[in-house]
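Student: Okay, here's the structure, questions in a sec.
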Amino acid sequence: MKTIRINTLPGYEEWRDNAKSCLLNYIPPSSIIWKGAEQTQDELFKELPENSKSSARAKNEPILKVPKSFVELAQTACCHNTPERFALLYKIFWRINFENRKLLNQSLDDDLILLNKMVKEVRRDSYKITAFLRFRETVYDGREHYVAWYEPFHYTLERSLPFFTKRFRNMNWSILTPYRAAHWDGKSLFLQDNPDPSQLPEEDKIEKYWLTYYAGIFNPARVKKSAMLAQMPKKYWTNLPEAKLIPDLLQNSEAKAREMIDKIKN
Amino acid sequence: MQDKIETKLEILADAAKYDASCASGSAGKRSAGKGEKGIGSLTGGSGICHSFTPDGRCVSLLKILMTNYCIYDCHYCINRISSNVRRARFTVQEVVDLTLSFYKRNYIEGLFLSSGIIKDPDYTMESMVKIAKSLRLDHHFKGYIHLKTIPNASPELQEEAGLYADRLSINIEMPTQKGLNTFAPEKNISDITGSMGRLKDKISEHKTSKTHTGKKLPRFAPGGQSTQMIVGADASDDKTILNSSVNLYQTHKLRRVYYSAFSPIPDASLILPLKPAPLIREHRLYQADWLLRFYDFSLDEILQGTTNNMLDMDHDPKLAWALRNRHLFPIDINKADKKLLLRVPGLGALTVQKIIKARKYCSLSWSDLTKMRVPLGKVKPFITASDYRPPAYLLDMETLSHQLKQTEQLDLFGRAV
Ligand code: SF4
């Protein structure tokens with residue numbers, strides 16, 4: 001049994017290099033334990049995969065080439081927070097090579113169902129960061145600087161950066177997440193591990209207008225709490241300034257709606 | 001203590017919330033290139049929902065009125081001149097600043113601006129255009145802008161609006177002139193559709209033609225036009241409403257028709273119904289609209305067999321159609337063509353796509369469908385799979401209609417808190 005620890009986050013490149021050499025050495029999925037950086041160091045040393053070049057190649061030579069779509073899927077799945085991601089990817093990688101080149105088309109295969117589910121969750125999480133991240137304005141080095149603290153559920157900071165660098169290209173900003181921060185100065189990105197959450201400014205001068213707006217557009221006569229929760233589950237509420245208004249809005253909605261109806265009757 | 005902007009925002013956001021159109025429409029992709037000034041991007045698709053309010057609606061745009069003062073007297077409108085509401089008015093600069101400040105904090109995708117009519121239609125429209133123009137030219141704003149144009153404003157101003165806005169809309173309000181006569185005496189349906197027609201021509205001209213020097217014409221409302229109809233204030237039936245939608249989609253190439261169930265407003269005019277139109281009616285109209293646009297249904301098919309030209313309130317229109325055409329079912333999930341699959345209640349466009357892809361590799365069984373998360377409870381009377389046939393009694397009606405009615409009701413209440 002071989003243990004491979006992927007130390008980087010999200011870890012795609014490291015996984016890929018390890019997976020290739022394991023495959024070239026015909027190490028079956030069942031003989032490898034894959035660990036992610038998020039798992040605590042529980043063994044004394046890390047076994048390195050053997051050098052692929054030295055090993056003799058058998059007839060049933062692995063091609064290593066995988067469909068392009070697999071690369072995309074693997075990159076995405078590596079951002080998932082489950083430590084099992086690397087093992088699953090290696091298993092699929094193995095199966096594509098030795099079992100079925102067209103495995104990816106078998107959308108009803110159990111491994112693929114799992115993979116697709118992970119991919120979907122990562123994509124959703126990457127979308128939600130572009131939606132629910134909130135900047136606060138501060139001054140840094142004499143310039144306007146926008147800072148956000150966001151807690152993604154997967155390792156999706158990197159995937160979302162192209163969105164932010166495009167949309168806010170001419171702004172200086174920092175996005176802090178529990179595992180990594182990205183700083184943008186209008187030209188280049190700088191990544192920093194384990195940032196300090198207290199860098200988030202405590203206040204923002206515009207936020208109160210946003211809260212006023214949010215409360216104002218809500219129609220108390222049409223409460224549909226479960227529809228809201230389906231799109232904006234409570235787990236996202238911590239860092240959404242407007243979320244703290246929700247309990248009150250809901251509580252007062254009936255009274256508000258009745259008040260409206262009373263006005264109408266008179 | 002509320003400051004001036006907070007007060008205005010409270011009034012003018014509140015006044016805008018009765019507007020149904022919330023999401024941004026698709027206007028392609030764009031962002032500031034390297035070395036270019038400005039802020040913002042469009043990601044394609046219908047824009048990001050940055051938040052959700054407890055009524056389940058997506059918050060994507062800063063949706064406000066420039067002012068809720070109005071010289072008109074549309075009876076269904078809370079801002080009409082004879083209404084007794086608190087009034088406020090934003091300056092051009094205030095709207096520009098709010099939009100940019102919200103945008104920079106990642107609260108919104110852009111601005112959706114409408115307005116009551118102050119002084120006269122042209123004066124109002126001019127201020128709205130100024131806002132859009134300043135965002136685009138002074139601030140190089142590349143986010144989304146939707147302007148609700150003012151009926152009766154001059155064609156020149158409406159055209160100028162199209163140069164800065166991604167989408168323009170003009171509310172048709174009522175499906176018939178008769179409805180307008182009663183409820184919005186200053187408005188005229190042929191003015192409204194006339195302006196839609198002009199804008200349609202402009203939009204397509206800017207998309208396809210080039211200047212004499214071969215340059216592309218500037219963008220002109222690339223997200224097209226939309227409109228809104230109030231349902232249940234006048235006596236129009238669903239057929240009249242949907243007919244008018246079909247006409248708007250076909251003749252004026254509208255991207256979207258929004259339906260807004262009339263809901264009584266504070267300080268309402270006496271000629272209005274006292275009771276709100278049932279939300280379910282609005283819901284059914286959206287479903288029918290959807291079938292017309294994406295599921296290849298004709299209006300006749302949707303209305304076939306209905307009573308008084310009103311959609312069936314108990315079942316969604318697709319299910320109602322299937323119930324009336326029971327002889328076509330069950331269909332074979334492994335063989336039926338796309339058009340027929342799309343007619344199976346419970347199978348959405350996405351699921352149909354998945355089915356067509358998956359069945360290339362194997363014959364689909366019941367458990368395959370489970371894996372694809374097909375809503376089996378709903379589809380089971382209507383399909384066969386490799387190892388499944390519905391028992392004959394399932395399609396046998398009385399019971400089916402009743403049963404499905406119950407499930408949908410549960411669903412509806414399940415969703416409503
Ligand atoms: S013109 Fe518009 S704002 Fe004015 S009363 Fe009519 S609907 Fe209301």
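Within each chain, counting starts at residue 1; across the structure tokens, chains are named A, B, ... in the order shown, with ligands numbered 1 upward in that order.
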From the DSSP assignment of the backbone, select every residue of stretch 185-233 of chain A that is alpha helix (DSSP H), and format the answer as a PyMOL selection string.
Tutor: chain A and resi 207-217+225-231
Student: Taking N, CA, C and O atoms for each residue, export the selection above as a JSON list (two decimals), in the first residue's frame.
Tutor:
```json
[["chain", "number", "residue", "atom", "x", "y", "z"],
["A", 207, "GLU", "N", -22.59, 50.48, 2.86],
["A", 207, "GLU", "CA", -23.34, 49.27, 3.22],
["A", 207, "GLU", "C", -24.75, 49.58, 3.73],
["A", 207, "GLU", "O", -25.70, 48.85, 3.46],
["A", 208, "LYS", "N", -24.90, 50.68, 4.46],
["A", 208, "LYS", "CA", -26.23, 50.99, 5.00],
["A", 208, "LYS", "C", -27.24, 51.25, 3.88],
["A", 208, "LYS", "O", -28.42, 50.95, 4.02],
["A", 209, "TYR", "N", -26.77, 51.79, 2.76],
["A", 209, "TYR", "CA", -27.69, 52.01, 1.64],
["A", 209, "TYR", "C", -28.12, 50.69, 1.03],
["A", 209, "TYR", "O", -29.25, 50.50, 0.60],
["A", 210, "TRP", "N", -27.18, 49.78, 0.99],
["A", 210, "TRP", "CA", -27.50, 48.44, 0.47],
["A", 210, "TRP", "C", -28.56, 47.77, 1.34],
["A", 210, "TRP", "O", -29.50, 47.16, 0.85],
["A", 211, "LEU", "N", -28.41, 47.93, 2.66],
["A", 211, "LEU", "CA", -29.39, 47.33, 3.57],
["A", 211, "LEU", "C", -30.76, 47.98, 3.37],
["A", 211, "LEU", "O", -31.78, 47.30, 3.33],
["A", 212, "THR", "N", -30.76, 49.29, 3.24],
["A", 212, "THR", "CA", -32.02, 49.99, 2.99],
["A", 212, "THR", "C", -32.66, 49.48, 1.71],
["A", 212, "THR", "O", -33.86, 49.22, 1.64],
["A", 213, "TYR", "N", -31.83, 49.34, 0.71],
["A", 213, "TYR", "CA", -32.34, 48.88, -0.58],
["A", 213, "TYR", "C", -32.92, 47.48, -0.48],
["A", 213, "TYR", "O", -34.03, 47.20, -0.91],
["A", 214, "TYR", "N", -32.16, 46.61, 0.17],
["A", 214, "TYR", "CA", -32.58, 45.22, 0.29],
["A", 214, "TYR", "C", -33.93, 45.11, 1.01],
["A", 214, "TYR", "O", -34.83, 44.40, 0.58],
["A", 215, "ALA", "N", -34.05, 45.86, 2.10],
["A", 215, "ALA", "CA", -35.31, 45.81, 2.84],
["A", 215, "ALA", "C", -36.44, 46.42, 2.00],
["A", 215, "ALA", "O", -37.58, 45.99, 2.08],
["A", 216, "GLY", "N", -36.09, 47.40, 1.18],
["A", 216, "GLY", "CA", -37.11, 48.11, 0.42],
["A", 216, "GLY", "C", -37.71, 47.34, -0.74],
["A", 216, "GLY", "O", -38.88, 47.51, -1.07],
["A", 217, "ILE", "N", -36.94, 46.47, -1.37],
["A", 217, "ILE", "CA", -37.47, 45.78, -2.53],
["A", 217, "ILE", "C", -38.21, 44.51, -2.18],
["A", 217, "ILE", "O", -38.80, 43.86, -3.02],
["A", 225, "LYS", "N", -40.22, 31.84, 1.83],
["A", 225, "LYS", "CA", -38.95, 31.61, 2.49],
["A", 225, "LYS", "C", -38.17, 30.46, 1.88],
["A", 225, "LYS", "O", -36.96, 30.53, 1.70],
["A", 226, "SER", "N", -38.88, 29.38, 1.55],
["A", 226, "SER", "CA", -38.14, 28.22, 1.07],
["A", 226, "SER", "C", -37.51, 28.48, -0.29],
["A", 226, "SER", "O", -36.46, 27.94, -0.61],
["A", 227, "ALA", "N", -38.16, 29.34, -1.10],
["A", 227, "ALA", "CA", -37.56, 29.69, -2.39],
["A", 227, "ALA", "C", -36.27, 30.46, -2.16],
["A", 227, "ALA", "O", -35.27, 30.25, -2.85],
["A", 228, "MET", "N", -36.28, 31.33, -1.17],
["A", 228, "MET", "CA", -35.05, 32.06, -0.86],
["A", 228, "MET", "C", -33.97, 31.11, -0.37],
["A", 228, "MET", "O", -32.83, 31.16, -0.83],
["A", 229, "LEU", "N", -34.35, 30.21, 0.55],
["A", 229, "LEU", "CA", -33.35, 29.31, 1.13],
["A", 229, "LEU", "C", -32.75, 28.37, 0.11],
["A", 229, "LEU", "O", -31.60, 27.97, 0.21],
["A", 230, "ALA", "N", -33.55, 28.00, -0.91],
["A", 230, "ALA", "CA", -33.03, 27.10, -1.93],
["A", 230, "ALA", "C", -31.85, 27.77, -2.65],
["A", 230, "ALA", "O", -30.88, 27.11, -3.01],
["A", 231, "GLN", "N", -31.94, 29.05, -2.86],
["A", 231, "GLN", "CA", -30.90, 29.76, -3.60],
["A", 231, "GLN", "C", -29.82, 30.34, -2.70],
["A", 231, "GLN", "O", -28.69, 30.54, -3.11]]
```
Student: List the spatial neighbours of B:Val379 as a PyMOL selection string - criterion: any atom at most 7 Å away, only C-alpha atoms, same-chain residues fewer than 6 positions off excluded.
Tutor: chain B and resi 344-346
Student: Residues of the last selection are to be written out with N, CA and C atoms, as a CSV table (one decimal), in the first residue's frame.
Tutor:
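Generated file (again_16.csv):
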```
chain,number,residue,atom,x,y,z
B,344,VAL,N,-43.6,15.3,-22.1
B,344,VAL,CA,-43.9,14.5,-21.0
B,344,VAL,C,-43.9,15.4,-19.7
B,345,PRO,N,-45.0,15.4,-19.0
B,345,PRO,CA,-45.0,16.2,-17.8
B,345,PRO,C,-43.9,15.8,-16.8
B,346,GLY,N,-43.1,16.7,-16.4
B,346,GLY,CA,-42.0,16.3,-15.5
B,346,GLY,C,-40.6,16.3,-16.1
```
Student: Could you list, as a ChimeraX atom specification, all protein and nucleic acid residues with an atom at most 8 Å from ligand 1, counting only C-alpha atoms and all ligand atoms?
Tutor: /B:68-81,115-117,150-151,184
Student: Do you know which residues are at most 9 Å from B:Ser363 counting only C-alpha atoms, after dropping those on the same chain fewer than 5 positions away, and could you put them as a tab-separated table (two decimals) with N, CA, C and O atoms, in the first residue's frame?
Tutor:
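Result went into result_11.tsv, see below:
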```
chain	number	residue	atom	x	y	z
B	334	ASN	N	-36.93	5.38	-24.52
B	334	ASN	CA	-35.75	5.00	-25.31
B	334	ASN	C	-35.88	5.30	-26.80
B	334	ASN	O	-34.90	5.25	-27.52
B	358	ALA	N	-27.73	9.88	-22.86
B	358	ALA	CA	-27.45	8.61	-22.17
B	358	ALA	C	-27.97	7.41	-22.96
B	358	ALA	O	-27.37	6.34	-22.94
B	385	ALA	N	-39.96	2.46	-19.83
B	385	ALA	CA	-38.50	2.32	-19.89
B	385	ALA	C	-38.22	0.85	-20.18
B	385	ALA	O	-39.15	0.05	-20.28
B	386	SER	N	-36.93	0.48	-20.31
B	386	SER	CA	-36.62	-0.88	-20.74
B	386	SER	C	-37.27	-1.93	-19.83
B	386	SER	O	-37.68	-2.98	-20.28
```
Student: Within 7 Å of stretch 39-48 of chain B, counting only C-alpha atoms, which residues show up once you throw out same-chain ones fewer than 2 positions away? Write them as a list in words, please.
Tutor: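 My reading of the contact set: Ala131, Lys166, Arg167, Phe168, Arg169 and Asn170 of chain A; Ala23, Ser24, Gly25, Ser26, Ala27, Gly28, Lys29, Arg30, Ser31, Ala32, His50, Ser60, Glu109, His140, Phe141, Lys142, Gly143 and Tyr144 of chain B.
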Student: Would you mind exporting N, CA and C atoms of the selected residues as an mmCIF file, in the first residue's frame?
Tutor:
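Dumped to selection08.cif:
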```
data_model
loop_
_atom_site.group_PDB
_atom_site.id
_atom_site.type_symbol
_atom_site.label_atom_id
_atom_site.label_comp_id
_atom_site.auth_asym_id
_atom_site.auth_seq_id
_atom_site.Cartn_x
_atom_site.Cartn_y
_atom_site.Cartn_z
ATOM 1 N N ALA A 131 -21.289 35.691 -6.669
ATOM 2 C CA ALA A 131 -22.570 36.300 -6.317
ATOM 3 C C ALA A 131 -22.549 36.916 -4.917
ATOM 4 N N LYS A 166 -11.475 40.534 -14.277
ATOM 5 C CA LYS A 166 -12.129 41.161 -15.425
ATOM 6 C C LYS A 166 -13.050 42.274 -14.979
ATOM 7 N N ARG A 167 -13.927 41.928 -14.074
ATOM 8 C CA ARG A 167 -14.956 42.898 -13.697
ATOM 9 C C ARG A 167 -14.372 44.095 -12.962
ATOM 10 N N PHE A 168 -13.418 43.832 -12.091
ATOM 11 C CA PHE A 168 -12.874 44.916 -11.269
ATOM 12 C C PHE A 168 -11.411 45.179 -11.626
ATOM 13 N N ARG A 169 -11.127 45.133 -12.901
ATOM 14 C CA ARG A 169 -9.766 45.266 -13.384
ATOM 15 C C ARG A 169 -9.084 46.541 -12.882
ATOM 16 N N ASN A 170 -9.803 47.650 -12.930
ATOM 17 C CA ASN A 170 -9.175 48.924 -12.576
ATOM 18 C C ASN A 170 -9.359 49.320 -11.121
ATOM 19 N N ALA B 23 -34.459 39.902 -13.189
ATOM 20 C CA ALA B 23 -33.143 39.475 -13.643
ATOM 21 C C ALA B 23 -32.707 40.354 -14.803
ATOM 22 N N SER B 24 -31.416 40.355 -15.050
ATOM 23 C CA SER B 24 -30.982 41.065 -16.235
ATOM 24 C C SER B 24 -31.109 40.118 -17.412
ATOM 25 N N GLY B 25 -31.318 40.672 -18.573
ATOM 26 C CA GLY B 25 -31.414 39.835 -19.756
ATOM 27 C C GLY B 25 -30.024 39.593 -20.292
ATOM 28 N N SER B 26 -29.935 38.710 -21.242
ATOM 29 C CA SER B 26 -28.616 38.433 -21.777
ATOM 30 C C SER B 26 -28.270 39.447 -22.853
ATOM 31 N N ALA B 27 -27.133 40.095 -22.699
ATOM 32 C CA ALA B 27 -26.707 41.072 -23.688
ATOM 33 C C ALA B 27 -25.301 40.751 -24.166
ATOM 34 N N GLY B 28 -24.958 39.479 -24.154
ATOM 35 C CA GLY B 28 -23.632 39.081 -24.592
ATOM 36 C C GLY B 28 -22.603 39.307 -23.497
ATOM 37 N N LYS B 29 -21.321 39.154 -23.864
ATOM 38 C CA LYS B 29 -20.258 39.327 -22.881
ATOM 39 C C LYS B 29 -19.506 40.614 -23.165
ATOM 40 N N ARG B 30 -18.947 41.190 -22.127
ATOM 41 C CA ARG B 30 -18.093 42.351 -22.357
ATOM 42 C C ARG B 30 -17.370 42.694 -21.069
ATOM 43 N N SER B 31 -16.218 43.331 -21.184
ATOM 44 C CA SER B 31 -15.526 43.859 -20.014
ATOM 45 C C SER B 31 -14.478 44.840 -20.508
ATOM 46 N N ALA B 32 -13.939 45.605 -19.579
ATOM 47 C CA ALA B 32 -12.899 46.555 -19.957
ATOM 48 C C ALA B 32 -11.639 45.793 -20.333
ATOM 49 N N HIS B 50 -27.183 38.346 -7.004
ATOM 50 C CA HIS B 50 -26.285 38.661 -5.900
ATOM 51 C C HIS B 50 -26.911 38.453 -4.536
ATOM 52 N N SER B 60 -30.538 41.255 -8.569
ATOM 53 C CA SER B 60 -29.458 41.279 -9.534
ATOM 54 C C SER B 60 -29.105 42.718 -9.899
ATOM 55 N N GLU B 109 -25.396 43.651 -10.577
ATOM 56 C CA GLU B 109 -24.920 43.511 -11.949
ATOM 57 C C GLU B 109 -25.078 44.808 -12.741
ATOM 58 N N HIS B 140 -17.156 54.923 -17.875
ATOM 59 C CA HIS B 140 -16.832 53.723 -18.650
ATOM 60 C C HIS B 140 -17.396 52.477 -17.986
ATOM 61 N N PHE B 141 -18.629 52.591 -17.575
ATOM 62 C CA PHE B 141 -19.285 51.496 -16.872
ATOM 63 C C PHE B 141 -19.694 50.419 -17.871
ATOM 64 N N LYS B 142 -19.205 49.172 -17.633
ATOM 65 C CA LYS B 142 -19.506 48.094 -18.571
ATOM 66 C C LYS B 142 -20.531 47.110 -18.013
ATOM 67 N N GLY B 143 -21.126 47.450 -16.879
ATOM 68 C CA GLY B 143 -22.169 46.590 -16.316
ATOM 69 C C GLY B 143 -23.462 46.741 -17.102
ATOM 70 N N TYR B 144 -24.506 46.189 -16.522
ATOM 71 C CA TYR B 144 -25.784 46.107 -17.235
ATOM 72 C C TYR B 144 -26.651 47.338 -16.963
#
```
Student: Nearest to chain B among A:Asp125, A:Glu158, A:Glu137, A:Asp111, with distances taken over only C-alpha atoms: which residue is it?
Tutor: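 Nearest candidate to chain B out of A:Asp125, A:Glu158, A:Glu137, A:Asp111: A:Glu137.
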Student: So that I can see what lies close to A:Ser69, please list as a PDB file with N, CA and C atoms, in the first residue's frame the residues with an atom at most 12 Å from it, counting only C-alpha atoms and leaving out residues fewer than 4 positions away in the same chain.
Tutor:
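result30.pdb, freshly written:
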```pdb
ATOM      1  N   LYS A  65      -2.727   9.611 -22.241  1.00  0.00           N
ATOM      2  CA  LYS A  65      -3.549  10.663 -22.838  1.00  0.00           C
ATOM      3  C   LYS A  65      -4.985  10.446 -22.413  1.00  0.00           C
ATOM      4  N   LEU A  73     -12.606  18.285 -16.055  1.00  0.00           N
ATOM      5  CA  LEU A  73     -13.342  17.707 -14.922  1.00  0.00           C
ATOM      6  C   LEU A  73     -12.424  17.507 -13.722  1.00  0.00           C
ATOM      7  N   ALA A  74     -11.204  17.034 -13.998  1.00  0.00           N
ATOM      8  CA  ALA A  74     -10.278  16.764 -12.898  1.00  0.00           C
ATOM      9  C   ALA A  74      -9.846  18.062 -12.224  1.00  0.00           C
ATOM     10  N   GLN A  75      -9.574  19.078 -13.034  1.00  0.00           N
ATOM     11  CA  GLN A  75      -9.196  20.365 -12.437  1.00  0.00           C
ATOM     12  C   GLN A  75     -10.302  20.876 -11.533  1.00  0.00           C
ATOM     13  N   THR A  76     -11.518  20.716 -12.012  1.00  0.00           N
ATOM     14  CA  THR A  76     -12.652  21.201 -11.227  1.00  0.00           C
ATOM     15  C   THR A  76     -12.833  20.364  -9.960  1.00  0.00           C
ATOM     16  N   LYS A 102     -13.906   5.354 -23.429  1.00  0.00           N
ATOM     17  CA  LYS A 102     -15.066   6.246 -23.527  1.00  0.00           C
ATOM     18  C   LYS A 102     -15.836   6.352 -22.210  1.00  0.00           C
ATOM     19  N   LEU A 103     -15.157   6.006 -21.159  1.00  0.00           N
ATOM     20  CA  LEU A 103     -15.821   5.975 -19.855  1.00  0.00           C
ATOM     21  C   LEU A 103     -16.591   7.267 -19.550  1.00  0.00           C
ATOM     22  N   LEU A 104     -16.020   8.388 -19.978  1.00  0.00           N
ATOM     23  CA  LEU A 104     -16.646   9.671 -19.616  1.00  0.00           C
ATOM     24  C   LEU A 104     -18.045   9.843 -20.190  1.00  0.00           C
ATOM     25  N   ASN A 105     -18.334   9.085 -21.227  1.00  0.00           N
ATOM     26  CA  ASN A 105     -19.682   9.180 -21.792  1.00  0.00           C
ATOM     27  C   ASN A 105     -20.715   8.407 -20.989  1.00  0.00           C
ATOM     28  N   ASN A 116     -19.315  13.674 -11.329  1.00  0.00           N
ATOM     29  CA  ASN A 116     -20.164  14.760 -11.827  1.00  0.00           C
ATOM     30  C   ASN A 116     -20.817  15.538 -10.696  1.00  0.00           C
TER      31      ASN A 116
END
```
Student: Could you check which of A:Ser198, A:Thr3, A:Asn81, A:Ser126 is closest to chain B, using only C-alpha atoms?
Tutor: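 Once distances to chain B are computed over only C-alpha atoms, the minimum belongs to A:Ser126.
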Student: Quick one: of A:Leu191, A:Ile6, A:Leu133, A:Leu245, who's nearest to chain B, counting only C-alpha atoms?
Tutor: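 Of all the options, A:Leu133 lies closest to chain B.
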Student: Just want the 10 Å neighbourhood of stretch 269-278 of chain B, counted on only C-alpha atoms, with same-chain residues fewer than 3 positions away dropped. Output as a PDB file with C-alpha atoms, in the first residue's frame.
Tutor:
```pdb
ATOM      1  CA  ILE A 261     -54.535  45.492   3.105  1.00  0.00           C
ATOM      2  CA  ILE A 264     -56.666  49.373   0.901  1.00  0.00           C
ATOM      3  CA  LYS A 265     -59.927  48.644   2.637  1.00  0.00           C
TER       4      LYS A 265
ATOM      5  CA  ASP B  73     -53.176  58.922 -13.369  1.00  0.00           C
ATOM      6  CA  CYS B  74     -52.931  55.213 -14.141  1.00  0.00           C
ATOM      7  CA  HIS B  75     -55.343  53.620 -11.732  1.00  0.00           C
ATOM      8  CA  TYR B  76     -53.356  50.483 -10.975  1.00  0.00           C
ATOM      9  CA  CYS B  77     -50.265  52.471 -10.085  1.00  0.00           C
ATOM     10  CA  ILE B  78     -49.266  53.535  -6.635  1.00  0.00           C
ATOM     11  CA  ARG B  80     -50.342  58.059  -9.957  1.00  0.00           C
ATOM     12  CA  SER B  82     -54.036  61.208  -7.306  1.00  0.00           C
ATOM     13  CA  SER B  83     -52.320  58.814  -4.934  1.00  0.00           C
ATOM     14  CA  THR B 182     -60.260  52.331 -18.340  1.00  0.00           C
ATOM     15  CA  PHE B 183     -57.106  52.126 -16.284  1.00  0.00           C
ATOM     16  CA  ILE B 230     -50.788  43.504 -15.486  1.00  0.00           C
ATOM     17  CA  VAL B 231     -52.982  40.497 -15.022  1.00  0.00           C
ATOM     18  CA  GLY B 232     -56.340  40.517 -13.339  1.00  0.00           C
ATOM     19  CA  ALA B 233     -57.046  44.235 -13.112  1.00  0.00           C
ATOM     20  CA  ASP B 234     -59.160  44.285 -16.259  1.00  0.00           C
ATOM     21  CA  SER B 260     -47.651  40.834 -12.935  1.00  0.00           C
ATOM     22  CA  ALA B 261     -50.665  39.671 -10.975  1.00  0.00           C
ATOM     23  CA  PHE B 262     -52.529  42.765 -10.012  1.00  0.00           C
ATOM     24  CA  SER B 263     -52.129  43.314  -6.328  1.00  0.00           C
ATOM     25  CA  PRO B 264     -54.168  45.965  -4.595  1.00  0.00           C
ATOM     26  CA  ILE B 265     -52.089  48.940  -3.659  1.00  0.00           C
ATOM     27  CA  PRO B 266     -52.445  51.259  -0.738  1.00  0.00           C
ATOM     28  CA  ARG B 281     -52.763  32.745 -12.455  1.00  0.00           C
ATOM     29  CA  GLU B 282     -49.577  34.714 -12.969  1.00  0.00           C
ATOM     30  CA  HIS B 283     -47.651  31.490 -12.422  1.00  0.00           C
ATOM     31  CA  MET B 313     -55.585  26.532 -12.410  1.00  0.00           C
TER      32      MET B 313
END
```
Student: Between atom CA of B:Leu292 and atom CA of B:Arg326, measure the distance and give it in Å to one decimal.
Tutor: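 We find that atom CA of B:Leu292 and atom CA of B:Arg326 lie 20.4 Å from each other.
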Student: Quick one, how far is atom CA of B:Pro155 from atom CA of B:Leu168?
Tutor: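 Pair atom CA of B:Pro155 / atom CA of B:Leu168 returns 13.0 Å.
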Student: Extract the full set of strand (DSSP E) residues from stretch 106-224 of chain A according to DSSP on the backbone, and format it as an MDAnalysis selection string.
Tutor: chainID A and resid 136:140 143:149 173:176 180:184 189:193
Student: For B:Lys133, which of B:Asp166, B:Glu160, B:Asp120, B:Glu301 is the closest residue, counting only C-alpha atoms?
Tutor: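 Result for the nearest residue to B:Lys133: B:Glu160.
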Student: Considering only C-alpha atoms, can you say which of B:Asp300, B:Asp368, B:Asp387, B:Asp314 comes closest to chain A?
Tutor: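 Distance minimum relative to chain A lands on B:Asp368.
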